[in-house]
Amino acid sequence: MESGGFLSRTVPSVGSEAADSRGGWRAARFLLAVGFLERIGFYGVQANLIMYLNGPLGMSTAAAAASVNAWAGTVQVLPLVGALAADSRLGRYRAVLAAGVLYLLSLGMLTVSSTLQTPQPHAGSSASPSSARLVLFYIALYLLALAQGFHRPCVEALGADQFATTSEAEGDRSAPAASRSSYFNWFHFSISWGYAIATAALSYVEDNLGWAIGFAACWATMVLYLAFFLLGTRTYRAEKPVSGRSFTEIAWDWAARVLHRKDATDDTTAERLVAPEREDESKGLVAKLLPIWVTSLVFAAIYSQLYTLFTKQSSTLDRRLGGATGPVVPPAALQVFVSVTMIAVLPVYDRVLVPLVRRFTRHHAGITPLQRIGAGMAMSGVTMVIAAVVEGRRLRVARDAGLVDRPDVALPMSLWWVVPQYVMIGVSTVLAEIGLEEFFYDQVPDAMRSVGLALSLSAMGAGSYASSLLVSVIDWATRNWGAESWFSDNLNRAHLDYFYWLLAGLAAFEVAAFLHFASRYVYRKV
């Protein structure tokens, strides 16, 4: 059992007698609910963050997009910290518990900072928030990222752990590998509902009732998150941490073993962390996984446009429903189409397509994770082609309507024009993002499951960093050497279409490189 008081009595480790009656879908359903609630609270902030930076905080479009991409990159990289802490000392259960506490702290601070925020004047003034208020905001924002770092890899890995291959008592007629693959699909189905509620409902609250009310609603959701997680405690099958040694020692031993170093502080512990079955499983781990990780960065950069430039692009369109007197849809609310797409596609994929394809391929998931990832990457490239064509039309509409220099006026172009690019992002996510998570979970040794998921998330984070860097460099170059920045604050004079075409070209190169490495990849034997 895990050491330590209450948790050692309530969370048995895999292999204990008490664990035999735990796990399976009964335990996984609690974690699906936890994932659903967490997405509401987290994306209630992230989905509309660029509008908060661009509005109340007074940032330019390029600065706001770069800031959001940099923060989003941090959000996706920090899971490596949370995963290493969980797999070395905390255990996944305690890591999720720590995430809940950090969520309450960070969202509480964010709510307070928004109540202290100096309102942005409508005209004629350049008033901005005080330095102290900005410091409080950014501390809260990066604490939120840290909470995500503990939550995301650990709650998803803990859910997948409920279908351990060593247990035959979970009451599931399907093979554990098939149940685990299905779990990843249903986990994303669950969090898609949370994402939909956050982007549709909370973004409306923030835009119309106030940011403080919206952030407070996110905080309240995290209270429910913690309550549901604790309610399921007695049903979980929990992994035992690798050892009681310090996080630094474990991280060093892991890196030393993977890189074939001979100076690890404890060869026995390092071997148990990286390759509990056989030491040779750890050899060449980086060489095998790094090409897949690197070739997923463009897909991640494309995905990051969803909550940055796609949102700004949507803000210029006619977003009224039901005519001139109808309600106005918040720009961030259009992200709900990603969730709706995933909610519609995932059950069909899991219950119809996988069993159908399985008859021909004999693979438990229908197609291999790498095939799934490659299809998603190709789809993301098509998404950018569609986005570029639509943006080109938006610029023509602005010129034809004589609204090029009136960015405050909605263009006579319906919001429905941008819906296809949101739908396509949803389909590519079903394929590539979920495929990356399943791939990295399966291809690392058993004791590193959280780290495996963190690796897939870190690829998404590195893609956000790459997007942030690309936006900043292009903005600087086009401001200094061009007539207008591609990311001008006046989007009617900007050229987001050029940027989208650039990403489409990079996606084509990415797919070619990915196919080269994927065709030579040898799967780890499980």
# chains A, B, ... in the order shown; residues from 1 in each chain; ligands from 1

$ residues_around --residues "range 328-331 of chain A" --least-positions-apart "3" --cutoff "12 Å" --atoms "only C-alpha atoms" --output "PyMOL selection string"
chain A and resi 47-52+198-208+306-325+334-337+410+414-416+418-419

$ closest_residue --among "A:Val75, A:Ala27, A:Ala70, A:Ala378" --to "Leu231 in chain A" --atoms "only C-alpha atoms"
A:Ala27

$ residues_around --residues "range 465-473 of chain A" --least-positions-apart "4" --cutoff "8 Å" --atoms "only C-alpha atoms" --output "VMD selection string"
chain A and resid 62 to 63 65 to 67 69 to 70 72 to 73 297 301 to 302 304 461 477 487

$ write_last_selection --atoms "N, CA and C atoms" --output "compact mmCIF listing (two decimals), in the first residue's frame"
# COMPACT_ATOMS: atom_id res chain seq x y z
N ALA A 62 -1.09 40.87 -31.17
CA ALA A 62 0.10 40.02 -31.26
C ALA A 62 0.64 39.67 -29.88
N ALA A 63 0.69 40.66 -28.98
CA ALA A 63 1.20 40.42 -27.62
C ALA A 63 0.29 39.47 -26.87
N ALA A 65 -1.77 37.19 -28.19
CA ALA A 65 -1.65 35.85 -28.77
C ALA A 65 -0.36 35.17 -28.33
N ALA A 66 0.74 35.94 -28.32
CA ALA A 66 2.02 35.37 -27.89
C ALA A 66 1.97 34.99 -26.41
N SER A 67 1.34 35.81 -25.58
CA SER A 67 1.25 35.53 -24.15
C SER A 67 0.42 34.29 -23.88
N ASN A 69 -0.15 31.82 -26.02
CA ASN A 69 0.59 30.65 -26.52
C ASN A 69 1.70 30.25 -25.55
N ALA A 70 2.40 31.25 -24.99
CA ALA A 70 3.48 30.94 -24.04
C ALA A 70 2.92 30.29 -22.78
N ALA A 72 0.01 28.69 -22.56
CA ALA A 72 -0.52 27.38 -22.95
C ALA A 72 0.60 26.36 -23.11
N GLY A 73 1.75 26.82 -23.60
CA GLY A 73 2.91 25.92 -23.68
C GLY A 73 3.35 25.46 -22.31
N LEU A 297 4.82 18.45 -33.46
CA LEU A 297 4.84 19.84 -33.01
C LEU A 297 4.00 20.75 -33.90
N ALA A 301 0.99 23.18 -32.88
CA ALA A 301 0.96 24.61 -33.19
C ALA A 301 -0.35 25.00 -33.87
N ILE A 302 -0.83 24.14 -34.76
CA ILE A 302 -2.12 24.40 -35.42
C ILE A 302 -3.24 24.38 -34.40
N SER A 304 -3.14 25.20 -31.34
CA SER A 304 -3.09 26.37 -30.47
C SER A 304 -3.77 27.59 -31.09
N GLY A 461 2.46 21.26 -25.70
CA GLY A 461 2.99 22.49 -25.12
C GLY A 461 4.11 23.07 -25.94
N ALA A 477 9.12 40.93 -38.02
CA ALA A 477 9.63 41.07 -39.39
C ALA A 477 8.68 41.88 -40.27
N PHE A 487 -0.21 40.42 -38.07
CA PHE A 487 -1.05 40.31 -36.88
C PHE A 487 -1.44 41.70 -36.37

$ closest_residue --among "A:Ser114, A:Ala387, A:Ile373, A:Arg520" --to "Tyr498 in chain A" --atoms "only C-alpha atoms"
A:Ala387

$ closest_residue --among "A:Arg493, A:Pro56, A:Ser131, A:Gln46" --to "Ala333 in chain A" --atoms "only C-alpha atoms"
A:Gln46

$ residues_around --residues "Arg92 in chain A" --least-positions-apart "6" --cutoff "7 Å" --atoms "only C-alpha atoms" --output "list in words"
Ala86, Cys154 and Leu158 of chain A

$ closest_residue --among "A:Gly366, A:Ser450, A:Leu97, A:Trp219" --to "Val45 in chain A" --atoms "only C-alpha atoms"
A:Trp219

$ atom_distance --atom1 "CA of Val348 in chain A" --atom2 "CA of Leu431 in chain A"
12.7 Å
